[in-house]
Structure formats: structure tokens, C-alpha cells
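S.K.: There's a structure below that I have some questions on.
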Amino acid sequence: MFRLADYFIVAGYDHDKEQNGTSSGKILQRFPEKDWDNCPFTLGIELFGQPAGWCLSTTRQPPTFFVSVLTDIDADRHYCACLTFYETVAMSSSRVDDDDEDSTVALRQSTMYAPKSLVLISRLCYFETFRNCLSLIYTVFIENQQCGVETLIGNILGCILIPGPGGPQVRFTIGAGDRQAIQPPLSSTIPVTGTGVAMLFKQLGIRNVLELFSAAITDHKVLFHSQSFLRLTEASQSLAALMYPLKYSYVYIPLLPQSLSEVLCTPTPFMAGVHSSMKNEINDLLDVIIVDLDGGSIYLPECVILPHIPDPILSRVYTALTMILDPDLMMADYAFQPPPLKVSNLVMQDKEIRAVFIRLWAELFTGYRSCLTLIRIHPEPYITFHKAKFLGHHNLMEDDFLTRILDGMGFGSFVSERGPPFRSCDIFDEVYASLPEVLKDERANPDKMIENIRELATQLFINENPNTQPYAQKIPRPPEGAYSRIHQPSFPIIDWIHVQEIIDEGLEKTSSKTKLSQVRSQQPRIVPIGPHIMAVSEKMQLLNNNARRLEVLRNCCTFIFDNRIADARKIFPAVLRALKSKVSRLALTQELSEHIKQHNRAMLEHQQFDLVVRLINSALQNDSSMDENGIAANILPLVTTFCRKLCTGVIQFMYTCIQEHAVWGNVQFWQATFYQDVEQQIQKLYLPQYEKQMAIEMDSKTPTSEKSDSDLMSSWTSSGRSPASSSQTSPSKRQSAGSLQHVRTQDISALEIAAEQMAKQYSLELRIWPNVEDSGKEEMMSNEESTVFSQAIHYANRMVYLRVPLDAAKSLKNSFSVEGESTSNSNVTNSIAESDSLDAESGFDEQEVSDIGNNVVKFVMKFVDKVCPDSGVTPDHIRSLHTMIPGVVAMHIETLEAVHRESKRLPPIQKPKILTPALLPSEEVKMGGLRVYLLPDGREDGLGGNLGGPVLIPAEGAIFVTNYRIVFKGLPCDPLACEQIIIRSFPLSTLMKEKKLSSMYLAQVDQYLQDILQLRSNTFQLMKVGFDEEVGNENVEAFRKLVHKLGSPLTLFETFAFASQHDTPTTPIKGHKKDKTLKSFTKKTLMRTAKKVGIKQKHPSTSKLKQKYSPSSTTSLRRNIGGAGGSDSESERGSVMFDDDAMSSKSVYRVSMGTLQEP
């Protein structure tokens, strides 16, 4: 039961603070003078009595009425209803001097009119009743009726109690010859709008209201302005009502006083309204969406990017609103016009529009209950929402509209209020559960849409008007023009003692009455689960399209674990391409899990280990850091199980090879995965108890029962129904208690178990389990807390495994980005860093190592401090976790020392040879042999997609810089695609843009490419290359500087590859220093001996010419030219530098050069 009004206030003009006809208001009287215990008085009410400011008027204005909305510290709203009239104020003459030299004297009028406000403050939202009560007080005052104002005020504050939602109609009088009635709505969660929503659409139109709705629900700032205060409040209330079942949780001031206009500069979202007199002042606001209610327009600032409702849903909403507000538009183009359709009245239009938005929310939130994660049941349910899973199944990860909604405060309140599986349900729960079938019928018969909308609108109308019996209210009003009478008395000083006596007497009478207090509230029940999240997308069609890919993936896994490595490598490129599909990635995790379960063999050979790591890295790379498909969550138990033996006593687990992915640095991923595992453990905790109680219940069944035990079980486990609520079940044979062993436990969700646990607290007619005593509840709470604590320990260890790098001297990656180098000892173990261990001989500073450990400790601590208090873990257990985590990190770093040392002894990578390009005449290699990968650049050529053909890109090779061109030459990364050589080049002078891109993962070679350059030429050529891990940063920078230097030559002739127009310095051909010294010494000795003996020497020109064209000379020349392409690392790896074609081309090039430069 609630009081109709909590306070009555008389506020007036403060003459003491008057300046040039303006002043501030002050409270003249308030009743009661003492605050209520459950509702303290709100200060500053006088500001909301005149939002535009307290000003004197030269004419007597008619009385006005409006309602302001105040929000207290507990987020409870208080409605401030104001009736304002004007009283005569006698003013004496005064002189006003202007600042100009020719000052004049002006006489102020002797008669002015000052505003006075009668204010009711209530926690109830009955605007029309407030208007009637304040009008009656004003009528009694202006007409000088016998009933005193004190009686009316005392009756309003103390004698009228209103039941809560679902209560009966209340008929009352305040003692002024009136008859009034208030009908509470049926549900407390459904807003009451009257005709406000329909009026908002008439003022702004469909398109503007939808944009305004999108702005408000995505946390933008919205500001209304109008000449009418009441229209401002109704517009704000209507816009907030369209958000049902969500609630607006930010700053909400439908009538903002002019003196508080600085609130509009707040950085937080708000919904506010101001008088149109402030129009010029609000134009300077940069990020505020301004709505002109009187003009029917919306101003959207340039800096505001407004997300929109997803298109399929938006089209249906627009069509439905058009059919409601302008039904003739749908038939305007018919050749034979049908009779005009009957338009609903304003009240029903309001409900039909709201029905459209309720369906909109139900469609947006399809499958949301499948994404609720139950963490605790006792002492009270704690439920979270798996945002990434919801967005992933809806395929809306990039949709800004739904993402903003899920991140907002309104959705957080929605989950906490509507997440529990056992509670009171309303219209939204019913629409949510039945909407998929309704939409399916409407697609088959579009005419049913308007029928379903009107049916839902009828339910909304009944919620606001449950009493069908009409009641004629009687509200005496003053005669027309009574406010403009010349002789009017001033509003009297109210006797507060008399008012308090009436309030006390009324409270005594109402406390003795128990009729209205026995209001039956809505009975809680099991909330219907509704459509599952898996039903959002067409899974069967998706599986059929990927059947061949899944078969190839399954065969590859079988080959790997059967140690048929050659067969696995043949189909491995196809498997990597298949892993771009979400279904294939999920199938991969299932296949690996099944292998562990069936064979119970997690120790792999080196080649098996490498291929499995490569598959997992590819699957993680194709997923986002939010893990919307659950790939990373499924991989977590796998990488802590699969391992390989490096040497005696040293085992390397797979998690050391997949640490480069950004998902491991996402705290939200760890929280969501932790909550999912806790939910599974809570489900296992209560499942045996449930089965035991079900067995007892089924044994107690008599043969004469109408329903069998299997029917009871199936009805309880059905979506959203308890055994009592299921009215129709399929007939089946009677089963014994032993048949419970055949019931699949995974069919019973944690929410269903929680619903039954919560049902114990209520006296329901049919329930499965009896009430549990306090000792049993304490035991349940302790078991749940221990379950959460054990999972917290488990996840703290997992996070340490994935966050501490194998080489702990390397700094950790950024939480949400993949940076740094990755060096590997095999084609797949790319996360193994090539640096020394953590011992004292490594040469690394101990402080650097400790910093990495501290970073990991802080990361894990942040996770623990978030999930443990929310999950109800005791403070003692949280402190023990804080004590344990640093020791776990230090121990793990010490363990990884031996693993890192032994992993460096693995066989080196065999990389393909570097092919040198054929050069043009007079073309010289300035820098070459930098091993790179030619990456896809957005064009479909060579990708084997829609255009067909072999998969040529990505390709592995080297990039060369000559005095004329940039040349790439290499082979496709997929060895089974083709054996063609890939060449791409363009002139240096045509380079117009060079862009450095972020790092990416190349699945074909299982490597993170840290340095990626995109070179764009004005010859319509594009080259996107990623440098191999063996190419250092200094080589990349040298490459970039050389390209820029050669691309802007000093003369025009140096732009092209010819040397006949200028002298090109010829590099002398020199052998190795050691060979040259030995040759010269031997030659001189022999020549001297031959001269003394008298042997005839050859002609020097002939010997010189032969030496010039000898094969040895050509070979040494070729090595000299290609020397820049080789590196020490490549020579150690045994890679071949040149092929035969390159050798012959170099020889020809050298001869031609010699011919051109011969004097």
C-alpha cells in the first residue's frame, strides 16, 4: 500500500531576492513538516516549480499544470506535480537610470503578478489524478467554498492509500464534492503510457522516432525542447517506455530547470528536456541530439555516429508502424481502391505501437536465456551473460547497435532482474517464448502480422485498464475565466496543526483496515526458456554445405594420430583453408577431444605435435579475441593435455606454442570461460540430489495416477514448464526408478536445477523437492563456495600457463594486440623464443625477468578480484589466492627454463631456396635476398576462389631492390597447388605509397609476421609483403630507406636501367683475400723462375681476355652480385641461392656490360 502523495508544498516568489523582475522561488509551507521514515523530503523542489525561472508577469496568466520527475540516490523516481497560478503584487514606483549619457527616467508598473505553485510529491505515476486533486484545491480556494483547504490536503496525504500493481480499483473523495477512482495496473514491470507514445509518433514521425530510439538505447545524449512543460515530460516518459523490457539507467530529467543548465555539459549519457526559450543556449552543445517536439525535427551533430537497428528487423518494424499509423499508404497504388481501413483510436494506437517494439526486443534478444550463465544458487542466484556467445551465434560481432546495448547499464539490470529462472513473468516473457513460431506463421501469411500486433495491444490495454466496469468521476471545476477576476484573494496561510491532525486521524483509520492490504501479488513460476541460441542460424544447412570439409578434417586428424604424417601433409593445406569456417573449427576441437577420450594418449611424437599445434594456431587465428564461437574455451583443456617429450625428465606442453594469440590477453574471455566451467560444476553438484529425489517421487507414484513418471520427467525438463504446468504430454509406458539411469543429464540445464531450488522457498501446490532446513542450506552454500574456489585456483594456473612466455626474458604481448617476434624450431612451434634461459649465465638482468612475472601476477590478480567477490568466495579464500599466485608464477618460470633450453636443440627449419630474378641489361641488384611472403592484397587473382585456378598466393620467396625495380620471386606456400614461379615487380620510380601494417598470422607457414609492408605503384600494381622472422628490423629499415633513396634519383637517366648515357662505376671483381695473396705470391715466384730459365711467356692481352670470359670468373662474378642476397643464417641452414636460369642470365648480363663499357 502506498500513500497517494507524500508531501504537499506551497512555493512562491521570493521578493527579497528580486532583481529586475526575476528572482528565485522559496518554499512557503510544506506538509507534513516532518519527513516520512521511508520517504525523506527532497530539497530544491522550488527549482522544479518554475523550470523556466521565477519571473513577475505584467498580465495575469491562466493556471498551468505539469509534472517533473526527480530521481533520488537509490534510483527511485518521485513525481512532482505542479499547479501554478498568479497573484497580484502591489509594487511602488522606482527610478531606473540607463548607462547612456542621455539617461531617462522610467516608471515601473505599480501592479505585477507573481507566480505561486501548489506541488504534490508522490512515488506513484498517476498524472491525471494529481491534476484533479490540485485543481480541486485551487477551485476551493478561488471559489471560497465551505470545505477548507486543510481538509483536502490532510485527506490527500493521510487518508488515501493506493494498492500496488495487481490490486483492486480504489474509489475515494478528498472532501470537495468529488468522486475519483484509481485503477492500479496488473503488472509492476510494464510501463503505463496512456496515449503518450502515439502522441510522440504524431509529433515526430516514424523515421525520427526510430532514430531517437536508437540514440537513447545506445547511450547517446538526448535533449527535448518544447513550449509545453507537460509535453516534455510525456515525450521522455514515452521514449523510456519504448525501451521496455529495459530500463533507462542514466541521468533522467524530463524538465531541467534553467538554473541547472550546466548539467547538459556532463560526459555521461542523459535524457532531458528544456523550455524552448533556451533554444539559443543549447545550440552550442556538440555531442547532444536535440529534438524539437513543436517542429517535429531532430538535429544530429556531425560528431555523432548513430548505429541503427539491424536491417531485417528494421524493415519489419517500419512496415508494422506504417500499417498502424497510415494503413491507407499500403494500398495507395492499387488500381481498384478498397474501402478505407478503420484506424484505431489514439489509446489503441499507443498500445499497438508498443506491441511492435516489444516484438522488436524479443527478436533482438532471441536465445538470450541460453547465454545466461549460473554461478551461484544459494544464498541467492548470481547470473551472468555470455556476450560473445550471443553475438557470435547472431553473427553480429561487428554490429555496433546490439554491441552497445549489451554493454549498457540497462542490459545489466535486465540480466539481474530477468535472469533468475523462477520469478514473476510478464508480457515480454510470453512474447519472447512464442515469437519464433509467430514469425514463422507470419512469413507464410503476412496478413497475420497486424492481427498478432493487435492481440498483443489488447493485452497491454487490459494491463492498464483491468476493470471493465466504467466509473463516472466527478471533478468540480471553477467557472471559465475565474482566474482573470480583478478582485481575487491571496492564497491563505494553511493551518499546519489542522492538517497534521487530519493526517494522523487518517493513518489510524487506514491502519485498521485490512481489506486493501490483502492484495494478491503475482505468483512466481519457472520462466520459459524460449528459443535456443543454436536455433538462430540455420545449422543444418550449414552442416550440409561443410560436409566435405569436415570429412577431410576428420581424415587429417586420423592420419596424424595414426602417425601417417605423409598422408596428413597431403591434405593439410585443404584443412587449413577449411578452418576458416566456424563449423570446421568447432569440429576440430571435438575431434581432438574425442581422441583424448578414446585413446587416452596425450604424449605425441614430434611431427604429430607440430601438426596439431599448427591446426590449433590456425583455428585460433581465424577466431577473434572475444572467442564468440567458444573455440579458445574448447582448446584450453586440450593444450594443457597434449605434450611431447624433449628429453629425459623434460616435457613440453602444447600451451607453450600457442601463446601469441590475443585471446589469452582478454580478461573478458577468461571471465566468461570461468563462469561456464563453474556452471557445469554447479550442475554436477546438484544433479545426483535431483535424480535421487526424482527416484523417490517416482516410486511413490500409484498406478492410478494420471501421468506416468516419464511424463513427469519430460514435462519438468521441457522448456519453461514445471511438472505442474505441463497440461499435455505424450503417452508412454510406466517406468521404474531404475530407468532414471537412461536419462541424459545434459538435457537438464543448470537454470532448470536452479529454478527447482528456488521453488523450495514458495508454497506451491506441486513441487518435486520438500523444503530444506537451515542446516541443509548452509551445507549447499558451503559446497557452492568450495566449487567456485577450486575453479578459481584451476583458472589461475591456466592463466599462468598461457601468459608466461617460454622465454621469460621476453616482454609480454599487449593484452589486446599481437606484437613482437616469434621464432620457432619447427614449422608449427612458432611461439618458442630464441633466447637464453633464466639462469644467472643467460646475461639477462634479473629485474627484467621479475617485471614479466609481476605483469603476469597483476593480470591474474585482476581476474581473481573480479570473479571471486561476485561469485561469493569468502575473503579468506581470496587472500589465500593472492598469496598463492606469485609462487605459482615463479615456479612456472623456473620449470620453463629446461623446456626452453631443450627446445632450442630441435632440428632447424628447412626453408625453400631463394630464387634470383632475371635482370635487364644494365640493371644491378642493390639489395636482395630478403626472405618475405607475398600476401593477399584484396584482389581475387591467384586465390583460387570465385575466379578458379590454382592457389598462388600466399607465396614464399625473396624481394630484391635493383637500380630500376622492386622484384619479388618465389613459390606458392601450398606445395600441392602448383609448381609455377611467382614474380611480381614494378619500377622504383612509380612507387607512390608505402604503408606499414600490423602483424598477422600466416597459417600456411604457421608464423606471425611482425613486419608487413604494402607498396602501391601508380602502374596499377600492389605488393603486400611480410618479412620472415630471420629478417631483422634493421634490415627492414634499410630496405625502406634504400627504396625511398632509389625512387628519387638525382638525374633523370638514373631512373631507368641503361648505362650508355653516363659512366657507371664498375665494381672490381675481387676474390677472397686469402686466395688472392697466395696466387700473387705463387705467380711472381714462377714468373721469375721461368724468366731465368728462358721459357717463353704468353701475350698479356690474350691471357687477360681469356681470364675475362673464363667460367671461374663468371662464377665469382655471380657470387659477388648475389652476395647481398645471402645471409649467414641461410648459409647455416643450407639453402641454395641460385638456379641455372639465374646463372645464365647473370653471365649474359656481365658480357653485355663489358661490351658496352669497352673503351
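Labeling convention for the C-alpha cells: chains A, B, ... as they appear, residues from 1 per chain, ligands from 1 in order of appearance.
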What's the 12 Å shell around Leu210 in chain A, counting only C-alpha atoms, without same-chain residues fewer than 3 positions away, as a short mmCIF file (atom, residue, chain, number, x, y, z; two decimals) with all heavy atoms, in the first residue's frame?
M.R.:
```cif
data_model
loop_
_atom_site.label_atom_id
_atom_site.label_comp_id
_atom_site.auth_asym_id
_atom_site.auth_seq_id
_atom_site.Cartn_x
_atom_site.Cartn_y
_atom_site.Cartn_z
N LEU A 200 3.82 10.97 -29.40
CA LEU A 200 5.22 11.15 -29.79
C LEU A 200 5.41 10.84 -31.27
O LEU A 200 6.13 11.56 -31.99
CB LEU A 200 6.12 10.27 -28.93
CG LEU A 200 7.63 10.38 -29.19
CD1 LEU A 200 8.13 11.77 -28.85
CD2 LEU A 200 8.39 9.32 -28.40
N PHE A 201 4.75 9.80 -31.77
CA PHE A 201 4.87 9.46 -33.19
C PHE A 201 4.17 10.50 -34.06
O PHE A 201 4.62 10.79 -35.17
CB PHE A 201 4.30 8.06 -33.44
CG PHE A 201 5.31 6.96 -33.28
CD1 PHE A 201 5.57 6.44 -32.02
CD2 PHE A 201 5.99 6.46 -34.36
CE1 PHE A 201 6.50 5.42 -31.86
CE2 PHE A 201 6.92 5.45 -34.22
CZ PHE A 201 7.18 4.93 -32.96
N LEU A 204 6.68 13.57 -34.19
CA LEU A 204 7.97 13.42 -34.85
C LEU A 204 7.95 12.57 -36.11
O LEU A 204 8.82 12.72 -36.97
CB LEU A 204 9.00 12.83 -33.87
CG LEU A 204 9.28 13.66 -32.61
CD1 LEU A 204 10.25 12.93 -31.71
CD2 LEU A 204 9.83 15.04 -32.97
N GLY A 205 7.03 11.65 -36.23
CA GLY A 205 7.03 10.76 -37.37
C GLY A 205 7.80 9.47 -37.09
O GLY A 205 8.57 9.36 -36.13
N ILE A 206 7.59 8.49 -37.98
CA ILE A 206 8.17 7.16 -37.75
C ILE A 206 9.70 7.20 -37.81
O ILE A 206 10.39 6.69 -36.92
CB ILE A 206 7.62 6.16 -38.79
CG1 ILE A 206 6.10 6.00 -38.61
CG2 ILE A 206 8.32 4.81 -38.66
CD1 ILE A 206 5.46 5.10 -39.64
N ARG A 207 10.24 7.82 -38.85
CA ARG A 207 11.69 7.80 -39.03
C ARG A 207 12.41 8.50 -37.89
O ARG A 207 13.42 8.00 -37.36
CB ARG A 207 12.04 8.46 -40.36
CG ARG A 207 13.53 8.50 -40.66
CD ARG A 207 13.79 9.12 -42.03
NE ARG A 207 15.22 9.25 -42.29
CZ ARG A 207 15.96 10.27 -41.89
NH1 ARG A 207 15.39 11.28 -41.22
NH2 ARG A 207 17.25 10.32 -42.15
N PHE A 213 14.98 6.57 -30.84
CA PHE A 213 15.02 5.33 -30.06
C PHE A 213 16.42 4.72 -30.11
O PHE A 213 16.96 4.29 -29.09
CB PHE A 213 13.98 4.36 -30.61
CG PHE A 213 14.08 2.97 -30.07
CD1 PHE A 213 13.59 2.67 -28.81
CD2 PHE A 213 14.66 1.96 -30.81
CE1 PHE A 213 13.67 1.38 -28.31
CE2 PHE A 213 14.75 0.68 -30.33
CZ PHE A 213 14.26 0.39 -29.06
N SER A 214 17.02 4.69 -31.31
CA SER A 214 18.37 4.14 -31.44
C SER A 214 19.38 4.96 -30.64
O SER A 214 20.30 4.41 -30.04
CB SER A 214 18.78 4.10 -32.92
OG SER A 214 17.90 3.28 -33.66
N ALA A 215 19.20 6.28 -30.64
CA ALA A 215 20.14 7.13 -29.89
C ALA A 215 20.03 6.91 -28.40
O ALA A 215 21.05 6.82 -27.69
CB ALA A 215 19.87 8.60 -30.23
N ALA A 216 18.82 6.82 -27.89
CA ALA A 216 18.64 6.66 -26.44
C ALA A 216 19.11 5.30 -25.95
O ALA A 216 19.72 5.18 -24.88
CB ALA A 216 17.17 6.88 -26.07
N ILE A 217 18.85 4.26 -26.74
CA ILE A 217 19.18 2.91 -26.28
C ILE A 217 20.67 2.61 -26.43
O ILE A 217 21.18 1.69 -25.79
CB ILE A 217 18.35 1.87 -27.05
CG1 ILE A 217 18.23 0.57 -26.25
CG2 ILE A 217 18.94 1.61 -28.43
CD1 ILE A 217 17.52 0.72 -24.94
N LEU A 239 9.39 7.76 -24.54
CA LEU A 239 10.62 7.19 -25.09
C LEU A 239 11.20 6.14 -24.15
O LEU A 239 11.69 5.10 -24.60
CB LEU A 239 11.63 8.30 -25.33
CG LEU A 239 12.96 7.89 -25.97
CD1 LEU A 239 12.74 7.22 -27.31
CD2 LEU A 239 13.88 9.11 -26.13
N LEU A 242 9.29 2.86 -24.53
CA LEU A 242 9.62 2.06 -25.70
C LEU A 242 10.81 1.14 -25.45
O LEU A 242 11.02 0.18 -26.20
CB LEU A 242 9.91 2.97 -26.90
CG LEU A 242 8.74 3.77 -27.45
CD1 LEU A 242 9.18 4.64 -28.61
CD2 LEU A 242 7.61 2.85 -27.89
N MET A 243 11.59 1.42 -24.42
CA MET A 243 12.75 0.59 -24.10
C MET A 243 12.37 -0.67 -23.32
O MET A 243 13.23 -1.51 -23.07
CB MET A 243 13.77 1.38 -23.29
CG MET A 243 14.31 2.60 -24.01
SD MET A 243 15.52 3.48 -23.00
CE MET A 243 15.77 4.93 -23.99
N ILE A 298 14.64 16.55 -35.69
CA ILE A 298 15.75 16.07 -34.87
C ILE A 298 17.04 16.60 -35.46
O ILE A 298 17.26 16.51 -36.68
CB ILE A 298 15.79 14.53 -34.81
CG1 ILE A 298 14.58 13.99 -34.05
CG2 ILE A 298 17.06 14.04 -34.15
CD1 ILE A 298 14.56 12.49 -33.96
N LEU A 306 25.39 7.48 -35.40
CA LEU A 306 24.26 6.80 -34.78
C LEU A 306 24.12 5.39 -35.35
O LEU A 306 23.93 5.22 -36.55
CB LEU A 306 22.98 7.59 -35.03
CG LEU A 306 21.77 7.25 -34.16
CD1 LEU A 306 22.08 7.54 -32.70
CD2 LEU A 306 20.57 8.07 -34.61
N PRO A 307 24.25 4.35 -34.51
CA PRO A 307 24.00 2.98 -35.01
C PRO A 307 22.51 2.74 -35.21
O PRO A 307 21.67 3.36 -34.55
CB PRO A 307 24.56 2.09 -33.90
CG PRO A 307 24.46 2.93 -32.66
CD PRO A 307 24.64 4.36 -33.09
N HIS A 308 22.20 1.86 -36.13
CA HIS A 308 20.81 1.59 -36.47
C HIS A 308 20.45 0.15 -36.16
O HIS A 308 21.31 -0.73 -36.05
CB HIS A 308 20.55 1.90 -37.94
CG HIS A 308 20.73 3.34 -38.30
ND1 HIS A 308 19.82 4.31 -37.95
CD2 HIS A 308 21.74 3.99 -38.95
CE1 HIS A 308 20.23 5.49 -38.38
NE2 HIS A 308 21.41 5.32 -38.97
N ILE A 309 19.15 -0.10 -36.07
CA ILE A 309 18.64 -1.44 -35.85
C ILE A 309 19.05 -2.31 -37.03
O ILE A 309 19.04 -1.86 -38.18
CB ILE A 309 17.11 -1.40 -35.70
CG1 ILE A 309 16.72 -0.42 -34.58
CG2 ILE A 309 16.55 -2.78 -35.42
CD1 ILE A 309 15.23 -0.15 -34.50
N LEU A 314 14.63 -4.07 -38.75
CA LEU A 314 14.19 -2.70 -39.00
C LEU A 314 13.11 -2.65 -40.08
O LEU A 314 12.14 -1.88 -39.96
CB LEU A 314 15.39 -1.84 -39.41
CG LEU A 314 15.11 -0.38 -39.74
CD1 LEU A 314 14.53 0.34 -38.53
CD2 LEU A 314 16.37 0.31 -40.23
N SER A 315 13.23 -3.44 -41.11
CA SER A 315 12.22 -3.44 -42.18
C SER A 315 10.87 -3.90 -41.65
O SER A 315 9.82 -3.31 -41.99
CB SER A 315 12.68 -4.35 -43.32
OG SER A 315 13.90 -3.90 -43.85
N VAL A 317 9.81 -3.70 -38.55
CA VAL A 317 9.28 -2.67 -37.65
C VAL A 317 8.69 -1.51 -38.43
O VAL A 317 7.59 -1.02 -38.11
CB VAL A 317 10.40 -2.19 -36.70
CG1 VAL A 317 9.95 -0.97 -35.92
CG2 VAL A 317 10.81 -3.29 -35.74
N TYR A 318 9.37 -1.08 -39.48
CA TYR A 318 8.89 0.06 -40.28
C TYR A 318 7.57 -0.30 -40.96
O TYR A 318 6.63 0.51 -41.01
CB TYR A 318 9.95 0.44 -41.31
CG TYR A 318 9.88 1.89 -41.72
CD1 TYR A 318 10.72 2.84 -41.14
CD2 TYR A 318 8.97 2.31 -42.68
CE1 TYR A 318 10.66 4.17 -41.51
CE2 TYR A 318 8.91 3.64 -43.06
CZ TYR A 318 9.75 4.56 -42.47
OH TYR A 318 9.68 5.88 -42.84
N LEU A 321 4.74 -0.33 -38.26
CA LEU A 321 4.35 1.01 -37.82
C LEU A 321 3.55 1.74 -38.91
O LEU A 321 2.61 2.49 -38.61
CB LEU A 321 5.59 1.82 -37.45
CG LEU A 321 6.34 1.34 -36.20
CD1 LEU A 321 7.62 2.14 -36.02
CD2 LEU A 321 5.47 1.46 -34.96
N ILE A 353 1.57 0.40 -31.13
CA ILE A 353 2.97 0.80 -31.35
C ILE A 353 3.87 0.14 -30.32
O ILE A 353 4.96 -0.36 -30.66
CB ILE A 353 3.08 2.33 -31.29
CG1 ILE A 353 2.33 2.97 -32.46
CG2 ILE A 353 4.54 2.77 -31.30
CD1 ILE A 353 2.21 4.47 -32.36
N VAL A 356 4.62 -3.42 -31.20
CA VAL A 356 5.65 -3.57 -32.22
C VAL A 356 7.05 -3.54 -31.59
O VAL A 356 7.93 -4.34 -31.94
CB VAL A 356 5.51 -2.46 -33.29
CG1 VAL A 356 6.69 -2.49 -34.25
CG2 VAL A 356 4.20 -2.62 -34.05
N PHE A 357 7.24 -2.66 -30.63
CA PHE A 357 8.56 -2.55 -30.00
C PHE A 357 8.82 -3.72 -29.06
O PHE A 357 9.98 -4.13 -28.90
CB PHE A 357 8.68 -1.22 -29.27
CG PHE A 357 9.02 -0.07 -30.17
CD1 PHE A 357 8.03 0.61 -30.85
CD2 PHE A 357 10.34 0.32 -30.35
CE1 PHE A 357 8.35 1.66 -31.69
CE2 PHE A 357 10.66 1.38 -31.18
CZ PHE A 357 9.66 2.05 -31.86
N LEU A 360 10.01 -6.26 -31.29
CA LEU A 360 11.37 -5.91 -31.70
C LEU A 360 12.39 -6.40 -30.68
O LEU A 360 13.41 -7.01 -31.04
CB LEU A 360 11.45 -4.40 -31.88
CG LEU A 360 12.86 -3.76 -31.88
CD1 LEU A 360 13.65 -4.23 -33.10
CD2 LEU A 360 12.78 -2.25 -31.84
#
```
S.K.: Just want the 10 Å neighbourhood of Pro338 in chain A, counted on only C-alpha atoms, with same-chain residues fewer than 6 positions away dropped. Output as a VMD selection string.
M.R.: chain A and resid 328 331 to 332
S.K.: Need to verify the contact set: Leu1042 in chain A, 9 Å, only C-alpha atoms, exclusion of same-chain residues closer than 4 positions in sequence. Can you return it as a PyMOL selection string?
M.R.: chain A and resi 926-927+961+1037-1038+1046-1047
S.K.: Could you dump the residues just selected with N, CA and C atoms as a PDB file, in the first residue's frame?
M.R.:
```pdb
ATOM      1  N   LYS A 926      70.824  -3.867 -55.918  1.00  0.00           N
ATOM      2  CA  LYS A 926      71.307  -3.033 -54.825  1.00  0.00           C
ATOM      3  C   LYS A 926      71.107  -3.699 -53.466  1.00  0.00           C
ATOM      4  N   MET A 927      70.016  -4.446 -53.314  1.00  0.00           N
ATOM      5  CA  MET A 927      69.759  -5.206 -52.091  1.00  0.00           C
ATOM      6  C   MET A 927      68.871  -6.371 -52.485  1.00  0.00           C
ATOM      7  N   VAL A 961      65.871  -5.385 -54.589  1.00  0.00           N
ATOM      8  CA  VAL A 961      65.845  -3.984 -54.996  1.00  0.00           C
ATOM      9  C   VAL A 961      66.993  -3.766 -55.961  1.00  0.00           C
ATOM     10  N   GLU A1037      64.361  -1.741 -42.071  1.00  0.00           N
ATOM     11  CA  GLU A1037      64.523  -0.299 -42.166  1.00  0.00           C
ATOM     12  C   GLU A1037      65.501   0.077 -43.274  1.00  0.00           C
ATOM     13  N   ALA A1038      66.561  -0.710 -43.438  1.00  0.00           N
ATOM     14  CA  ALA A1038      67.495  -0.436 -44.528  1.00  0.00           C
ATOM     15  C   ALA A1038      66.819  -0.603 -45.882  1.00  0.00           C
ATOM     16  N   LEU A1046      66.419   5.312 -53.871  1.00  0.00           N
ATOM     17  CA  LEU A1046      66.497   4.995 -55.294  1.00  0.00           C
ATOM     18  C   LEU A1046      65.251   5.450 -56.049  1.00  0.00           C
ATOM     19  N   GLY A1047      64.156   5.617 -55.346  1.00  0.00           N
ATOM     20  CA  GLY A1047      62.942   6.054 -56.008  1.00  0.00           C
ATOM     21  C   GLY A1047      62.957   7.516 -56.380  1.00  0.00           C
TER      22      GLY A1047
END
```
S.K.: Skip Phe390 in chain A itself and residues of its chain fewer than 3 positions away, then list as a ChimeraX atom specification all residues within 12 Å of it, counting only C-alpha atoms.
M.R.: /A:364-373,385-387,393-397,402-403,406,532-537,626-630,672
S.K.: Using only C-alpha atoms, find each residue of range 475-580 of chain A with at least one atom at most 9 Å away from an atom of range 976-997 of chain A; report its shortest atom-to-atom pair and that distance in Å (one decimal), sort the rows by chain and rising residue number, and return the result as a Markdown table.
M.R.:
```
| residue | atom | partner | partner_atom | distance |
| --- | --- | --- | --- | --- |
| A:Lys570 | CA | A:Leu976 | CA | 7.5 |
| A:Ile571 | CA | A:Leu976 | CA | 9.0 |
| A:Pro573 | CA | A:Leu976 | CA | 8.1 |
```
S.K.: How would the residues just picked look written out with C-alpha atoms as a PDB file, in the first residue's frame?
M.R.:
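That gives us again.pdb:
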```pdb
ATOM      1  CA  LYS A 570      48.965 -34.093 -48.469  1.00  0.00           C
ATOM      2  CA  ILE A 571      45.588 -32.824 -47.284  1.00  0.00           C
ATOM      3  CA  PRO A 573      46.614 -27.224 -46.943  1.00  0.00           C
TER       4      PRO A 573
END
```
